[in-house]
2 protein chains.
Amino acid sequence: MNLIDLLNWRYAAKKMDPSKPVPADKLERILEAVRLAPTSSGLQPFEVVVVSRRELLAQLQPAARGQSQVADCSYLLVFAAWDDYTAERINRMFDLTNRERGFTNEGWEAYRAMLLKSYPARGAEVNFQHAARQAYIGLGVALVAAAAEQVDSTPMEGFDPAAVDALLGLRERGLRSVALMPLGHRQSGQDWLEPLKKVRRAMGEFVTRVE
Amino acid sequence: MNLIDLLNWRYAAKKMDPSKPVPADKLERILEAVRLAPTSSGLQPFEVVVVSRRELLAQLQPAARGQSQVADCSYLLVFAAWDDYTAERINRMFDLTNRERGFTNEGWEAYRAMLLKSYPARGAEVNFQHAARQAYIGLGVALVAAAAEQVDSTPMEGFDPAAVDALLGLRERGLRSVALMPLGHRQSGQDWLEPLKKVRRAMGEFVTRVE
(Lines give C-alpha, C1' and ligand atoms only; values in the text may rest on other atoms or scores of the structure.)
Protein backbone atom coordinates (compact mmCIF):
# COMPACT_ATOMS: atom_id res chain seq x y z
CA MET A 1 0.00 0.00 0.00
CA ASN A 2 1.38 3.34 -1.10
CA LEU A 3 -0.24 6.16 0.82
CA ILE A 4 0.28 8.77 -1.90
CA ASP A 5 -1.41 6.52 -4.45
CA LEU A 6 -4.32 5.96 -2.06
CA LEU A 7 -4.75 9.69 -1.52
CA ASN A 8 -4.72 10.26 -5.26
CA TRP A 9 -7.22 7.45 -5.79
CA ARG A 10 -9.68 8.82 -3.27
CA TYR A 11 -11.96 11.77 -3.98
CA ALA A 12 -15.22 13.03 -2.55
CA ALA A 13 -17.54 10.67 -4.43
CA LYS A 14 -20.69 12.55 -5.41
CA LYS A 15 -22.63 9.55 -6.70
CA MET A 16 -22.52 6.21 -4.98
CA ASP A 17 -23.81 2.92 -6.32
CA PRO A 18 -26.34 1.47 -3.87
CA SER A 19 -26.06 -1.92 -5.57
CA LYS A 20 -22.46 -2.34 -4.43
CA PRO A 21 -22.45 -2.75 -0.66
CA VAL A 22 -19.34 -2.25 1.44
CA PRO A 23 -18.40 -5.57 3.07
CA ALA A 24 -18.80 -5.62 6.85
CA ASP A 25 -15.16 -6.55 7.49
CA LYS A 26 -14.01 -3.43 5.64
CA LEU A 27 -16.28 -1.27 7.77
CA GLU A 28 -14.83 -2.83 10.92
CA ARG A 29 -11.25 -2.12 9.89
CA ILE A 30 -12.14 1.50 9.07
CA LEU A 31 -13.77 1.92 12.49
CA GLU A 32 -10.83 0.28 14.23
CA ALA A 33 -8.47 2.75 12.54
CA VAL A 34 -10.58 5.66 13.79
CA ARG A 35 -10.68 4.18 17.27
CA LEU A 36 -6.87 4.01 17.28
CA ALA A 37 -6.47 7.63 16.16
CA PRO A 38 -4.68 9.76 18.74
CA THR A 39 -6.45 12.61 20.49
CA SER A 40 -5.47 15.35 22.90
CA SER A 41 -4.54 13.85 26.30
CA GLY A 42 -5.92 10.57 25.00
CA LEU A 43 -9.45 11.60 25.92
CA GLN A 44 -11.08 10.49 22.65
CA PRO A 45 -13.70 13.23 22.98
CA PHE A 46 -15.95 12.00 20.19
CA GLU A 47 -18.00 9.03 19.11
CA VAL A 48 -18.95 7.60 15.75
CA VAL A 49 -22.53 6.70 14.93
CA VAL A 50 -22.81 4.20 12.07
CA VAL A 51 -26.16 4.36 10.31
CA SER A 52 -27.19 1.67 7.85
CA ARG A 53 -30.96 1.63 8.50
CA ARG A 54 -32.41 2.68 5.17
CA GLU A 55 -35.41 4.60 6.53
CA LEU A 56 -33.16 6.64 8.78
CA LEU A 57 -30.74 7.37 5.94
CA ALA A 58 -33.68 8.60 3.88
CA GLN A 59 -34.67 10.86 6.77
CA LEU A 60 -31.11 12.15 7.14
CA GLN A 61 -30.73 13.02 3.46
CA PRO A 62 -32.82 16.22 3.58
CA ALA A 63 -30.78 17.32 6.61
CA ALA A 64 -27.69 17.02 4.40
CA ARG A 65 -28.90 19.29 1.62
CA GLY A 66 -30.34 16.31 -0.19
CA GLN A 67 -26.92 14.89 -1.05
CA SER A 68 -27.56 11.51 -2.65
CA GLN A 69 -24.61 9.73 -1.02
CA VAL A 70 -26.40 9.88 2.33
CA ALA A 71 -29.17 7.66 0.95
CA ASP A 72 -27.06 5.59 -1.45
CA CYS A 73 -24.15 4.72 0.85
CA SER A 74 -23.75 1.41 2.64
CA TYR A 75 -22.92 3.08 5.95
CA LEU A 76 -23.09 6.68 7.06
CA LEU A 77 -20.46 7.56 9.66
CA VAL A 78 -21.52 10.44 11.86
CA PHE A 79 -18.64 12.01 13.76
CA ALA A 80 -20.14 13.38 16.98
CA ALA A 81 -17.98 15.42 19.34
CA TRP A 82 -18.50 15.72 23.08
CA ASP A 83 -20.51 18.84 23.83
CA ASP A 84 -18.25 19.53 26.83
CA TYR A 85 -15.39 18.12 28.90
CA THR A 86 -16.88 17.14 32.24
CA ALA A 87 -15.10 15.79 35.32
CA GLU A 88 -16.96 12.53 34.84
CA ARG A 89 -15.74 12.12 31.26
CA ILE A 90 -12.16 13.03 32.13
CA ASN A 91 -12.12 10.69 35.12
CA ARG A 92 -13.58 7.82 33.11
CA MET A 93 -10.69 7.97 30.63
CA PHE A 94 -7.99 8.28 33.28
CA ASP A 95 -9.55 5.43 35.28
CA LEU A 96 -9.66 3.27 32.17
CA THR A 97 -6.00 4.01 31.47
CA ASN A 98 -4.98 3.08 35.02
CA ARG A 99 -7.03 -0.11 34.82
CA GLU A 100 -5.58 -1.11 31.44
CA ARG A 101 -2.01 -0.36 32.42
CA GLY A 102 -2.38 -1.94 35.84
CA PHE A 103 -0.82 0.84 37.88
CA THR A 104 -1.23 4.46 38.89
CA ASN A 105 1.47 7.06 38.51
CA GLU A 106 2.02 10.32 40.34
CA GLY A 107 2.79 12.39 37.25
CA TRP A 108 -0.23 11.00 35.42
CA GLU A 109 -2.50 11.77 38.40
CA ALA A 110 -1.13 15.30 38.58
CA TYR A 111 -1.95 15.66 34.89
CA ARG A 112 -5.50 14.42 35.56
CA ALA A 113 -5.86 16.97 38.36
CA MET A 114 -4.66 19.73 36.04
CA LEU A 115 -7.21 18.78 33.37
CA LEU A 116 -9.99 18.50 35.97
CA LYS A 117 -9.16 21.97 37.21
CA SER A 118 -8.81 23.64 33.81
CA TYR A 119 -11.06 21.92 31.25
CA PRO A 120 -14.55 22.06 32.80
CA ALA A 121 -13.91 25.70 33.80
CA ARG A 122 -13.26 26.75 30.20
CA GLY A 123 -16.93 26.45 29.33
CA ALA A 124 -18.85 24.15 27.01
CA GLU A 125 -18.32 26.05 23.77
CA VAL A 126 -14.52 26.16 24.04
CA ASN A 127 -14.52 22.49 25.01
CA PHE A 128 -16.81 21.49 22.16
CA GLN A 129 -14.61 23.30 19.63
CA HIS A 130 -11.58 21.51 21.03
CA ALA A 131 -13.35 18.15 20.94
CA ALA A 132 -14.46 18.81 17.36
CA ARG A 133 -10.84 19.25 16.30
CA GLN A 134 -10.02 15.86 17.77
CA ALA A 135 -12.89 14.34 15.80
CA TYR A 136 -11.28 15.76 12.67
CA ILE A 137 -8.09 13.80 13.39
CA GLY A 138 -10.36 10.76 13.31
CA LEU A 139 -11.90 12.03 10.10
CA GLY A 140 -8.47 12.27 8.50
CA VAL A 141 -7.60 8.76 9.58
CA ALA A 142 -10.99 7.47 8.37
CA LEU A 143 -10.37 8.93 4.91
CA VAL A 144 -7.08 7.05 4.64
CA ALA A 145 -8.57 3.88 6.13
CA ALA A 146 -11.44 3.88 3.63
CA ALA A 147 -9.05 4.39 0.72
CA ALA A 148 -6.86 1.55 2.02
CA GLU A 149 -9.96 -0.67 1.76
CA GLN A 150 -10.76 0.71 -1.71
CA VAL A 151 -13.96 2.10 -0.26
CA ASP A 152 -15.16 5.51 -1.34
CA SER A 153 -15.88 8.08 1.31
CA THR A 154 -17.16 11.61 1.15
CA PRO A 155 -16.37 13.95 4.03
CA MET A 156 -19.32 16.31 4.50
CA GLU A 157 -19.85 19.46 6.51
CA GLY A 158 -22.77 20.62 4.42
CA PHE A 159 -25.57 19.49 6.70
CA ASP A 160 -27.81 20.83 9.44
CA PRO A 161 -26.20 19.67 12.69
CA ALA A 162 -29.30 20.41 14.77
CA ALA A 163 -31.46 18.26 12.49
CA VAL A 164 -28.94 15.41 12.44
CA ASP A 165 -28.53 15.62 16.22
CA ALA A 166 -32.30 15.42 16.64
CA LEU A 167 -32.75 12.45 14.29
CA LEU A 168 -30.00 10.51 16.07
CA GLY A 169 -30.77 11.68 19.62
CA LEU A 170 -27.23 13.01 20.02
CA ARG A 171 -27.80 16.02 22.27
CA GLU A 172 -29.37 13.83 24.97
CA ARG A 173 -26.13 11.87 24.96
CA GLY A 174 -23.99 14.99 25.25
CA LEU A 175 -22.87 14.77 21.63
CA ARG A 176 -22.96 17.15 18.66
CA SER A 177 -22.49 16.07 15.05
CA VAL A 178 -19.53 17.74 13.34
CA ALA A 179 -18.99 15.76 10.13
CA LEU A 180 -20.64 13.05 8.05
CA MET A 181 -18.90 10.42 6.00
CA PRO A 182 -20.90 8.11 3.75
CA LEU A 183 -19.05 4.91 2.84
CA GLY A 184 -19.85 3.21 -0.43
CA HIS A 185 -18.62 2.68 -3.96
CA ARG A 186 -18.52 5.35 -6.63
CA GLN A 187 -20.97 4.94 -9.50
CA SER A 188 -18.42 5.21 -12.29
CA GLY A 189 -19.62 7.16 -15.27
CA GLN A 190 -22.44 8.74 -13.24
CA ASP A 191 -20.34 10.99 -11.01
CA TRP A 192 -19.45 14.42 -12.39
CA LEU A 193 -16.49 14.79 -10.05
CA GLU A 194 -14.82 11.46 -10.77
CA PRO A 195 -13.11 12.44 -14.05
CA LEU A 196 -12.01 15.90 -12.88
CA LYS A 197 -8.43 16.58 -11.92
CA LYS A 198 -7.70 16.76 -8.21
CA VAL A 199 -6.46 20.28 -7.50
CA ARG A 200 -4.14 21.24 -4.68
CA ARG A 201 -1.86 24.24 -4.20
CA ALA A 202 1.70 23.57 -5.34
CA MET A 203 4.06 22.38 -2.63
CA GLY A 204 5.83 25.75 -2.64
CA GLU A 205 2.57 27.51 -1.81
CA PHE A 206 1.63 25.06 0.89
CA VAL A 207 4.89 24.44 2.74
CA THR A 208 7.47 26.92 4.03
CA ARG A 209 10.88 25.64 5.09
CA VAL A 210 13.15 27.16 7.70
CA GLU A 211 16.41 25.27 7.32
CA MET B 1 1.27 -1.89 4.71
CA ASN B 2 -1.46 -2.68 7.20
CA LEU B 3 -3.00 0.50 8.54
CA ILE B 4 -4.10 -1.01 11.85
CA ASP B 5 -0.55 -2.27 12.49
CA LEU B 6 0.83 1.18 11.69
CA LEU B 7 -1.58 2.86 14.08
CA ASN B 8 -0.63 0.40 16.81
CA TRP B 9 3.08 0.95 16.10
CA ARG B 10 2.84 4.71 16.38
CA TYR B 11 2.58 6.54 19.68
CA ALA B 12 3.35 10.05 20.85
CA ALA B 13 7.10 9.67 21.24
CA LYS B 14 8.24 11.60 24.29
CA LYS B 15 11.98 11.20 23.74
CA MET B 16 13.51 11.40 20.30
CA ASP B 17 17.04 10.45 19.34
CA PRO B 18 18.77 13.43 17.72
CA SER B 19 21.47 11.13 16.33
CA LYS B 20 18.99 9.39 14.03
CA PRO B 21 17.90 11.91 11.38
CA VAL B 22 14.77 11.43 9.29
CA PRO B 23 15.79 11.02 5.62
CA ALA B 24 14.70 13.90 3.39
CA ASP B 25 12.73 11.64 1.02
CA LYS B 26 10.58 10.45 3.91
CA LEU B 27 9.82 14.03 4.90
CA GLU B 28 8.80 14.81 1.33
CA ARG B 29 6.36 11.89 1.18
CA ILE B 30 4.82 12.91 4.50
CA LEU B 31 4.36 16.49 3.26
CA GLU B 32 2.91 15.28 -0.03
CA ALA B 33 0.34 13.20 1.87
CA VAL B 34 -0.70 16.26 3.88
CA ARG B 35 -0.91 18.33 0.71
CA LEU B 36 -3.27 15.74 -0.79
CA ALA B 37 -5.54 15.68 2.26
CA PRO B 38 -9.05 16.85 1.47
CA THR B 39 -10.45 20.03 3.00
CA SER B 40 -13.81 21.76 3.03
CA SER B 41 -14.64 23.09 -0.45
CA GLY B 42 -11.07 22.24 -1.42
CA LEU B 43 -9.80 25.52 0.02
CA GLN B 44 -6.82 24.03 1.89
CA PRO B 45 -7.07 26.76 4.51
CA PHE B 46 -3.78 26.01 6.22
CA GLU B 47 -0.08 25.82 5.58
CA VAL B 48 2.71 23.74 7.04
CA VAL B 49 5.94 25.32 8.22
CA VAL B 50 8.83 22.85 8.40
CA VAL B 51 11.53 23.92 10.82
CA SER B 52 14.90 22.19 10.86
CA ARG B 53 17.14 25.13 11.80
CA ARG B 54 18.57 24.08 15.16
CA GLU B 55 18.75 27.56 16.71
CA LEU B 56 15.10 28.15 15.90
CA LEU B 57 14.07 24.77 17.29
CA ALA B 58 15.91 25.65 20.50
CA GLN B 59 13.97 28.93 20.62
CA LEU B 60 10.68 27.14 19.98
CA GLN B 61 11.20 24.58 22.74
CA PRO B 62 10.36 26.93 25.65
CA ALA B 63 7.20 27.96 23.78
CA ALA B 64 6.21 24.28 23.81
CA ARG B 65 6.48 23.77 27.56
CA GLY B 66 10.07 22.69 27.14
CA GLN B 67 9.11 19.43 25.46
CA SER B 68 12.37 17.82 24.34
CA GLN B 69 11.07 16.50 21.03
CA VAL B 70 10.91 20.06 19.70
CA ALA B 71 14.68 20.35 20.04
CA ASP B 72 15.58 16.71 19.32
CA CYS B 73 13.44 16.12 16.22
CA SER B 74 14.74 16.20 12.68
CA TYR B 75 11.88 18.38 11.47
CA LEU B 76 9.18 20.24 13.32
CA LEU B 77 5.95 20.52 11.35
CA VAL B 78 3.89 23.55 12.37
CA PHE B 79 0.28 23.35 11.22
CA ALA B 80 -0.83 26.94 10.69
CA ALA B 81 -4.44 27.70 9.85
CA TRP B 82 -5.67 30.72 7.92
CA ASP B 83 -6.74 33.44 10.35
CA ASP B 84 -9.76 34.18 8.14
CA TYR B 85 -11.42 33.31 4.83
CA THR B 86 -11.01 36.36 2.62
CA ALA B 87 -12.37 36.93 -0.89
CA GLU B 88 -8.81 36.96 -2.17
CA ARG B 89 -8.02 33.56 -0.66
CA ILE B 90 -11.27 32.01 -1.89
CA ASN B 91 -10.81 33.41 -5.38
CA ARG B 92 -7.23 32.24 -5.59
CA MET B 93 -8.29 28.63 -4.97
CA PHE B 94 -11.22 28.72 -7.40
CA ASP B 95 -9.03 30.38 -10.05
CA LEU B 96 -6.37 27.72 -9.56
CA THR B 97 -8.99 25.00 -9.95
CA ASN B 98 -10.31 26.50 -13.17
CA ARG B 99 -6.78 26.87 -14.52
CA GLU B 100 -5.81 23.30 -13.61
CA ARG B 101 -8.99 21.78 -15.00
CA GLY B 102 -8.94 23.97 -18.08
CA PHE B 103 -12.55 25.08 -18.00
CA THR B 104 -15.08 27.04 -16.00
CA ASN B 105 -18.42 25.68 -14.93
CA GLU B 106 -21.63 27.46 -14.02
CA GLY B 107 -22.37 25.36 -10.94
CA TRP B 108 -18.83 25.76 -9.67
CA GLU B 109 -18.96 29.53 -10.18
CA ALA B 110 -22.28 29.69 -8.34
CA TYR B 111 -20.64 27.79 -5.51
CA ARG B 112 -17.77 30.30 -5.49
CA ALA B 113 -20.25 33.16 -5.33
CA MET B 114 -22.03 31.50 -2.42
CA LEU B 115 -18.78 31.11 -0.47
CA LEU B 116 -17.74 34.69 -1.28
CA LYS B 117 -21.05 35.92 0.04
CA SER B 118 -21.16 33.80 3.19
CA TYR B 119 -17.62 33.07 4.43
CA PRO B 120 -16.02 36.52 4.83
CA ALA B 121 -19.24 37.76 6.48
CA ARG B 122 -19.05 35.12 9.21
CA GLY B 123 -16.16 36.89 10.90
CA ALA B 124 -12.54 35.96 11.44
CA GLU B 125 -12.97 33.87 14.58
CA VAL B 126 -15.59 31.54 13.10
CA ASN B 127 -13.49 31.22 9.98
CA PHE B 128 -10.30 30.51 11.88
CA GLN B 129 -12.02 27.78 13.90
CA HIS B 130 -13.28 26.25 10.69
CA ALA B 131 -9.85 26.45 9.07
CA ALA B 132 -8.28 24.89 12.16
CA ARG B 133 -10.53 21.85 11.81
CA GLN B 134 -9.33 21.40 8.24
CA ALA B 135 -5.74 21.55 9.47
CA TYR B 136 -6.60 18.69 11.81
CA ILE B 137 -7.60 16.53 8.85
CA GLY B 138 -4.07 17.17 7.61
CA LEU B 139 -2.75 16.33 11.06
CA GLY B 140 -4.55 12.98 10.99
CA VAL B 141 -3.15 12.20 7.55
CA ALA B 142 0.35 13.27 8.65
CA LEU B 143 0.22 10.86 11.58
CA VAL B 144 -0.54 7.97 9.27
CA ALA B 145 2.00 9.13 6.68
CA ALA B 146 4.76 9.32 9.28
CA ALA B 147 3.92 5.86 10.58
CA ALA B 148 3.94 4.52 7.02
CA GLU B 149 7.52 5.78 6.76
CA GLN B 150 8.38 4.31 10.17
CA VAL B 151 9.01 7.82 11.40
CA ASP B 152 7.90 8.81 14.88
CA SER B 153 5.68 11.83 15.24
CA THR B 154 4.20 13.53 18.27
CA PRO B 155 1.08 15.63 17.80
CA MET B 156 1.23 18.56 20.21
CA GLU B 157 -1.27 21.14 21.32
CA GLY B 158 0.60 21.98 24.50
CA PHE B 159 2.34 25.12 23.31
CA ASP B 160 1.90 28.88 23.35
CA PRO B 161 0.45 29.75 19.93
CA ALA B 162 1.20 33.46 20.28
CA ALA B 163 4.87 32.75 21.01
CA VAL B 164 5.17 30.26 18.14
CA ASP B 165 3.40 32.65 15.78
CA ALA B 166 5.81 35.42 16.76
CA LEU B 167 8.93 33.28 16.34
CA LEU B 168 7.81 32.15 12.89
CA GLY B 169 6.23 35.42 11.75
CA LEU B 170 2.91 33.71 11.13
CA ARG B 171 0.44 36.47 12.04
CA GLU B 172 1.93 38.78 9.41
CA ARG B 173 1.15 36.07 6.87
CA GLY B 174 -2.43 35.68 8.07
CA LEU B 175 -1.69 32.36 9.76
CA ARG B 176 -2.14 31.02 13.29
CA SER B 177 -0.39 27.92 14.62
CA VAL B 178 -2.81 25.21 15.77
CA ALA B 179 -0.67 22.09 16.19
CA LEU B 180 2.97 21.02 16.22
CA MET B 181 4.35 17.72 15.05
CA PRO B 182 8.01 16.88 15.58
CA LEU B 183 9.28 14.14 13.26
CA GLY B 184 12.13 11.95 14.42
CA HIS B 185 12.97 8.55 15.81
CA ARG B 186 12.09 7.37 19.29
CA GLN B 187 15.00 6.89 21.68
CA SER B 188 14.17 3.34 22.68
CA GLY B 189 14.72 2.61 26.32
CA GLN B 190 14.77 6.32 27.19
CA ASP B 191 11.10 7.08 26.58
CA TRP B 192 8.73 6.47 29.49
CA LEU B 193 5.70 6.20 27.21
CA GLU B 194 7.13 3.68 24.75
CA PRO B 195 6.55 0.53 26.85
CA LEU B 196 3.11 1.55 28.12
CA LYS B 197 -0.03 0.01 26.67
CA LYS B 198 -1.97 2.12 24.21
CA VAL B 199 -5.38 2.74 25.76
CA ARG B 200 -8.57 3.40 23.83
CA ARG B 201 -12.23 3.02 24.77
CA ALA B 202 -13.67 -0.32 23.74
CA MET B 203 -15.39 -0.35 20.35
CA GLY B 204 -18.79 -0.61 22.05
CA GLU B 205 -18.16 2.61 23.93
CA PHE B 206 -16.89 4.44 20.87
CA VAL B 207 -19.26 3.35 18.12
CA THR B 208 -23.06 3.22 18.09
CA ARG B 209 -24.80 1.32 15.30
CA VAL B 210 -28.24 2.01 13.91
CA GLU B 211 -28.95 -0.93 11.66
# chains A, B, ... in the order shown; residues from 1 in each chain; ligands from 1
$ closest_atom_pairs --of "chain A" --to "chain B" --cutoff "7 Å" --atoms "only C-alpha atoms" --output "JSON lines"
{"residue": "A:Met1", "atom": "CA", "partner": "B:Met1", "partner_atom": "CA", "distance": 5.2}
{"residue": "A:Leu3", "atom": "CA", "partner": "B:Ala145", "partner_atom": "CA", "distance": 6.9}
{"residue": "A:Ile4", "atom": "CA", "partner": "B:Ala33", "partner_atom": "CA", "distance": 5.8}
{"residue": "A:Leu7", "atom": "CA", "partner": "B:Leu36", "partner_atom": "CA", "distance": 6.3}
{"residue": "A:Ala33", "atom": "CA", "partner": "B:Ile4", "partner_atom": "CA", "distance": 5.8}
{"residue": "A:Arg35", "atom": "CA", "partner": "B:Arg200", "partner_atom": "CA", "distance": 6.9}
{"residue": "A:Leu36", "atom": "CA", "partner": "B:Leu7", "partner_atom": "CA", "distance": 6.3}
{"residue": "A:Glu47", "atom": "CA", "partner": "B:Phe206", "partner_atom": "CA", "distance": 5.0}
{"residue": "A:Val48", "atom": "CA", "partner": "B:Val207", "partner_atom": "CA", "distance": 4.9}
{"residue": "A:Val49", "atom": "CA", "partner": "B:Thr208", "partner_atom": "CA", "distance": 4.7}
{"residue": "A:Val50", "atom": "CA", "partner": "B:Arg209", "partner_atom": "CA", "distance": 4.8}
{"residue": "A:Val51", "atom": "CA", "partner": "B:Val210", "partner_atom": "CA", "distance": 4.8}
{"residue": "A:Ser52", "atom": "CA", "partner": "B:Glu211", "partner_atom": "CA", "distance": 4.9}
{"residue": "A:Arg53", "atom": "CA", "partner": "B:Glu211", "partner_atom": "CA", "distance": 4.5}
{"residue": "A:Thr97", "atom": "CA", "partner": "B:Val199", "partner_atom": "CA", "distance": 5.9}
{"residue": "A:Glu100", "atom": "CA", "partner": "B:Val199", "partner_atom": "CA", "distance": 6.9}
{"residue": "A:Arg101", "atom": "CA", "partner": "B:Lys197", "partner_atom": "CA", "distance": 6.1}
{"residue": "A:Arg133", "atom": "CA", "partner": "B:Arg133", "partner_atom": "CA", "distance": 5.2}
{"residue": "A:Tyr136", "atom": "CA", "partner": "B:Ile137", "partner_atom": "CA", "distance": 5.4}
{"residue": "A:Ile137", "atom": "CA", "partner": "B:Gly140", "partner_atom": "CA", "distance": 4.4}
{"residue": "A:Gly138", "atom": "CA", "partner": "B:Gly140", "partner_atom": "CA", "distance": 6.6}
{"residue": "A:Leu139", "atom": "CA", "partner": "B:Ile137", "partner_atom": "CA", "distance": 6.4}
{"residue": "A:Gly140", "atom": "CA", "partner": "B:Ile137", "partner_atom": "CA", "distance": 4.4}
{"residue": "A:Val141", "atom": "CA", "partner": "B:Gly140", "partner_atom": "CA", "distance": 5.4}
{"residue": "A:Ala145", "atom": "CA", "partner": "B:Leu3", "partner_atom": "CA", "distance": 6.9}
{"residue": "A:Leu196", "atom": "CA", "partner": "B:Arg101", "partner_atom": "CA", "distance": 6.9}
{"residue": "A:Lys197", "atom": "CA", "partner": "B:Arg101", "partner_atom": "CA", "distance": 6.1}
{"residue": "A:Val199", "atom": "CA", "partner": "B:Thr97", "partner_atom": "CA", "distance": 5.9}
{"residue": "A:Arg200", "atom": "CA", "partner": "B:Leu36", "partner_atom": "CA", "distance": 6.8}
{"residue": "A:Phe206", "atom": "CA", "partner": "B:Glu47", "partner_atom": "CA", "distance": 5.1}
{"residue": "A:Val207", "atom": "CA", "partner": "B:Val48", "partner_atom": "CA", "distance": 4.9}
{"residue": "A:Thr208", "atom": "CA", "partner": "B:Val49", "partner_atom": "CA", "distance": 4.7}
{"residue": "A:Arg209", "atom": "CA", "partner": "B:Val50", "partner_atom": "CA", "distance": 4.8}
{"residue": "A:Val210", "atom": "CA", "partner": "B:Val51", "partner_atom": "CA", "distance": 4.8}
{"residue": "A:Glu211", "atom": "CA", "partner": "B:Arg53", "partner_atom": "CA", "distance": 4.5}
$ residues_around --residues "Tyr119 of chain B" --least-positions-apart "5" --cutoff "8 Å" --atoms "only C-alpha atoms" --output "list in words"
Tyr85, Thr86 and Asn127 of chain B
$ write_last_selection --atoms "N, CA, C and O atoms" --output "PDB file, in the first residue's frame"
ATOM      1  N   TYR B  85     -11.171  33.551   6.266  1.00  0.00           N
ATOM      2  CA  TYR B  85     -11.417  33.314   4.834  1.00  0.00           C
ATOM      3  C   TYR B  85     -11.678  34.672   4.197  1.00  0.00           C
ATOM      4  O   TYR B  85     -12.675  35.335   4.534  1.00  0.00           O
ATOM      5  N   THR B  86     -10.808  35.092   3.317  1.00  0.00           N
ATOM      6  CA  THR B  86     -11.014  36.360   2.616  1.00  0.00           C
ATOM      7  C   THR B  86     -11.415  36.059   1.174  1.00  0.00           C
ATOM      8  O   THR B  86     -11.186  34.960   0.660  1.00  0.00           O
ATOM      9  N   ASN B 127     -14.253  31.740  11.112  1.00  0.00           N
ATOM     10  CA  ASN B 127     -13.495  31.222   9.979  1.00  0.00           C
ATOM     11  C   ASN B 127     -12.196  30.544  10.407  1.00  0.00           C
ATOM     12  O   ASN B 127     -11.820  29.501   9.869  1.00  0.00           O
TER      13      ASN B 127
END
$ atom_distance --atom1 "atom CA of Ser177 of chain A" --atom2 "atom CA of Phe128 of chain A"
10.6 Å
$ atom_distance --atom1 "atom CA of Gly189 of chain B" --atom2 "atom CA of Thr104 of chain A"
20.4 Å
$ select_by_dssp --residues "segment 26-198 of chain A" --states "strand (DSSP E or B)" --output "list of chain:residue names"
A:Phe46, A:Glu47, A:Val48, A:Val49, A:Val50, A:Val51, A:Tyr75, A:Leu76, A:Leu77, A:Val78, A:Phe79, A:Ala80, A:Ala81, A:Trp82, A:Asp152, A:Ser153, A:Met156, A:Leu175, A:Arg176, A:Ser177, A:Val178, A:Ala179, A:Leu180, A:Met181, A:Pro182, A:Leu183, A:Gly184, A:Arg186
$ atom_distance --atom1 "atom CA of Ser19 of chain B" --atom2 "atom CA of Gln187 of chain B"
9.4 Å
